[in-house]
Amino acid sequence: MKSITKDYCDDDISREQVIKCFRDYFDCKVSVELPFVLTMIWDFADIGYGTFRTNKYYTSENMELMELAFTHVKRKNIQQAYRTLKLINGLNISYISKLLYFSTRALEHSDYCLIFDIRVARALIKLTCPETLVNLIEVTPSNKFEPYHQYNVQISATPPCQC
């Protein structure tokens, strides 16, 4: 991955860069590995998961699953894209939702997918529960498609705050 990410060394990766990379993938300018790893760098660059976690994703079988998943995204079949990405051992809702977010944004879907990770799940609880209750529970997002779909529908339908 070092050779394909050399243009991004020593820089913070922005959302816009990842979206552009997905556009390049859909325009057949780069292989699927680059947007996949840029999404990982964007999200985990300072966490230190390192090469072990990254390398386990880069098998020919997983590359085929990624390509198939993004074909489903292109066809707006998000449920099948989600289920295909779930076949990659180690991927869960946090990373899958980021891949779906960036790929649907790159394709300019009007109903693009949202990121749903532990930070979002905890923030949703904090917005709806008193602080005294929030401190009593451990919150993690569901790893199933149906709750993720419900989250996308509900948040997209919620009017923006007029603060």
# chains A, B, ... in the order shown; residues from 1 in each chain; ligands from 1
$ select_by_dssp --residues "chain A" --states "alpha helix (DSSP H)" --output "ChimeraX atom specification"
/A:15-26,33-44,50-55,60-74,78-86,93-106,118-128,131-134,145-157
$ residues_around --residues "A:Leu85" --least-positions-apart "3" --cutoff "7 Å" --atoms "only C-alpha atoms" --output "ChimeraX atom specification"
/A:65-66,69,81-82,88,96
$ write_last_selection --atoms "all heavy atoms" --output "PDB file, in the first residue's frame"
ATOM      1  N   LEU A  65     -14.560  -8.772  -3.387  1.00  0.00           N
ATOM      2  CA  LEU A  65     -15.744  -8.406  -2.599  1.00  0.00           C
ATOM      3  C   LEU A  65     -15.927  -6.888  -2.570  1.00  0.00           C
ATOM      4  O   LEU A  65     -17.048  -6.391  -2.694  1.00  0.00           O
ATOM      5  CB  LEU A  65     -15.642  -8.964  -1.180  1.00  0.00           C
ATOM      6  CG  LEU A  65     -15.808 -10.472  -1.034  1.00  0.00           C
ATOM      7  CD1 LEU A  65     -15.441 -10.924   0.382  1.00  0.00           C
ATOM      8  CD2 LEU A  65     -17.224 -10.905  -1.397  1.00  0.00           C
ATOM      9  N   MET A  66     -14.821  -6.151  -2.412  1.00  0.00           N
ATOM     10  CA  MET A  66     -14.907  -4.690  -2.418  1.00  0.00           C
ATOM     11  C   MET A  66     -15.439  -4.185  -3.756  1.00  0.00           C
ATOM     12  O   MET A  66     -16.326  -3.326  -3.795  1.00  0.00           O
ATOM     13  CB  MET A  66     -13.535  -4.074  -2.141  1.00  0.00           C
ATOM     14  CG  MET A  66     -13.094  -4.155  -0.715  1.00  0.00           C
ATOM     15  SD  MET A  66     -11.472  -3.370  -0.544  1.00  0.00           S
ATOM     16  CE  MET A  66     -10.635  -4.607   0.416  1.00  0.00           C
ATOM     17  N   ALA A  69     -19.078  -4.938  -3.983  1.00  0.00           N
ATOM     18  CA  ALA A  69     -19.840  -4.042  -3.113  1.00  0.00           C
ATOM     19  C   ALA A  69     -20.019  -2.674  -3.765  1.00  0.00           C
ATOM     20  O   ALA A  69     -21.122  -2.113  -3.762  1.00  0.00           O
ATOM     21  CB  ALA A  69     -19.141  -3.895  -1.764  1.00  0.00           C
ATOM     22  N   ALA A  81     -24.723  -4.018  -1.031  1.00  0.00           N
ATOM     23  CA  ALA A  81     -23.356  -3.528  -0.834  1.00  0.00           C
ATOM     24  C   ALA A  81     -22.923  -3.761   0.608  1.00  0.00           C
ATOM     25  O   ALA A  81     -21.816  -4.247   0.873  1.00  0.00           O
ATOM     26  CB  ALA A  81     -23.264  -2.051  -1.184  1.00  0.00           C
ATOM     27  N   TYR A  82     -23.805  -3.431   1.542  1.00  0.00           N
ATOM     28  CA  TYR A  82     -23.525  -3.632   2.964  1.00  0.00           C
ATOM     29  C   TYR A  82     -23.248  -5.106   3.245  1.00  0.00           C
ATOM     30  O   TYR A  82     -22.254  -5.454   3.886  1.00  0.00           O
ATOM     31  CB  TYR A  82     -24.730  -3.145   3.783  1.00  0.00           C
ATOM     32  CG  TYR A  82     -24.529  -3.225   5.271  1.00  0.00           C
ATOM     33  CD1 TYR A  82     -24.098  -2.118   5.984  1.00  0.00           C
ATOM     34  CD2 TYR A  82     -24.776  -4.396   5.976  1.00  0.00           C
ATOM     35  CE1 TYR A  82     -23.910  -2.182   7.358  1.00  0.00           C
ATOM     36  CE2 TYR A  82     -24.588  -4.476   7.343  1.00  0.00           C
ATOM     37  CZ  TYR A  82     -24.165  -3.359   8.028  1.00  0.00           C
ATOM     38  OH  TYR A  82     -23.972  -3.427   9.385  1.00  0.00           O
ATOM     39  N   ILE A  88     -16.284  -9.474   4.406  1.00  0.00           N
ATOM     40  CA  ILE A  88     -14.855  -9.264   4.638  1.00  0.00           C
ATOM     41  C   ILE A  88     -14.608  -9.348   6.141  1.00  0.00           C
ATOM     42  O   ILE A  88     -15.107  -8.516   6.907  1.00  0.00           O
ATOM     43  CB  ILE A  88     -14.380  -7.911   4.065  1.00  0.00           C
ATOM     44  CG1 ILE A  88     -14.609  -7.875   2.549  1.00  0.00           C
ATOM     45  CG2 ILE A  88     -12.914  -7.660   4.421  1.00  0.00           C
ATOM     46  CD1 ILE A  88     -14.333  -6.535   1.910  1.00  0.00           C
ATOM     47  N   ILE A  96     -17.669  -0.036   7.505  1.00  0.00           N
ATOM     48  CA  ILE A  96     -18.583  -0.220   6.365  1.00  0.00           C
ATOM     49  C   ILE A  96     -19.356   1.068   6.104  1.00  0.00           C
ATOM     50  O   ILE A  96     -19.487   1.488   4.956  1.00  0.00           O
ATOM     51  CB  ILE A  96     -19.534  -1.410   6.607  1.00  0.00           C
ATOM     52  CG1 ILE A  96     -18.748  -2.726   6.575  1.00  0.00           C
ATOM     53  CG2 ILE A  96     -20.671  -1.416   5.590  1.00  0.00           C
ATOM     54  CD1 ILE A  96     -19.553  -3.941   7.021  1.00  0.00           C
TER      55      ILE A  96
END
$ closest_atom_pairs --of "stretch 68-102 of chain A" --to "stretch 119-132 of chain A" --cutoff "12 Å" --atoms "only C-alpha atoms" --output "JSON lines"
{"residue": "A:Ile93", "atom": "CA", "partner": "A:Ala121", "partner_atom": "CA", "distance": 11.2}
{"residue": "A:Ser94", "atom": "CA", "partner": "A:Arg119", "partner_atom": "CA", "distance": 9.4}
{"residue": "A:Ser97", "atom": "CA", "partner": "A:Val120", "partner_atom": "CA", "distance": 11.3}
{"residue": "A:Lys98", "atom": "CA", "partner": "A:Val120", "partner_atom": "CA", "distance": 11.9}
$ write_last_selection --atoms "all heavy atoms" --output "mmCIF file, in the first residue's frame"
data_model
loop_
_atom_site.group_PDB
_atom_site.id
_atom_site.type_symbol
_atom_site.label_atom_id
_atom_site.label_comp_id
_atom_site.auth_asym_id
_atom_site.auth_seq_id
_atom_site.Cartn_x
_atom_site.Cartn_y
_atom_site.Cartn_z
ATOM 1 N N ILE A 93 -19.774 -2.241 11.224
ATOM 2 C CA ILE A 93 -20.589 -1.079 10.846
ATOM 3 C C ILE A 93 -19.772 0.205 10.764
ATOM 4 O O ILE A 93 -19.984 1.021 9.875
ATOM 5 C CB ILE A 93 -21.798 -0.905 11.808
ATOM 6 C CG1 ILE A 93 -22.695 0.257 11.383
ATOM 7 C CG2 ILE A 93 -21.347 -0.722 13.236
ATOM 8 C CD1 ILE A 93 -23.343 0.091 10.041
ATOM 9 N N SER A 94 -18.839 0.388 11.669
ATOM 10 C CA SER A 94 -18.069 1.628 11.686
ATOM 11 C C SER A 94 -17.355 1.863 10.356
ATOM 12 O O SER A 94 -17.491 2.917 9.740
ATOM 13 C CB SER A 94 -17.061 1.587 12.835
ATOM 14 O OG SER A 94 -16.254 2.725 12.816
ATOM 15 N N SER A 97 -19.844 1.713 7.150
ATOM 16 C CA SER A 97 -20.613 2.947 6.945
ATOM 17 C C SER A 97 -19.742 4.052 6.351
ATOM 18 O O SER A 97 -20.218 4.854 5.551
ATOM 19 C CB SER A 97 -21.272 3.410 8.250
ATOM 20 O OG SER A 97 -20.329 3.898 9.176
ATOM 21 N N LYS A 98 -18.466 4.075 6.693
ATOM 22 C CA LYS A 98 -17.565 5.074 6.107
ATOM 23 C C LYS A 98 -17.338 4.798 4.617
ATOM 24 O O LYS A 98 -17.369 5.719 3.794
ATOM 25 C CB LYS A 98 -16.243 5.108 6.871
ATOM 26 C CG LYS A 98 -16.404 5.685 8.271
ATOM 27 C CD LYS A 98 -15.174 5.495 9.119
ATOM 28 C CE LYS A 98 -15.364 6.090 10.489
ATOM 29 N NZ LYS A 98 -15.953 5.192 11.468
#
$ atom_distance --atom1 "atom CA of A:Val139" --atom2 "atom CA of A:Gln80"
26.3 Å
$ atom_distance --atom1 "atom CA of A:Tyr148" --atom2 "atom CA of A:Asp27"
27.7 Å
$ residues_around --residues "A:Tyr101" --least-positions-apart "6" --cutoff "10 Å" --atoms "only C-alpha atoms" --output "PyMOL selection string"
chain A and resi 19+95+109+112-116
$ residues_around --residues "A:Phe102" --least-positions-apart "6" --cutoff "10 Å" --atoms "only C-alpha atoms" --output "ChimeraX atom specification"
/A:15-23,35-36,39,108,112-115
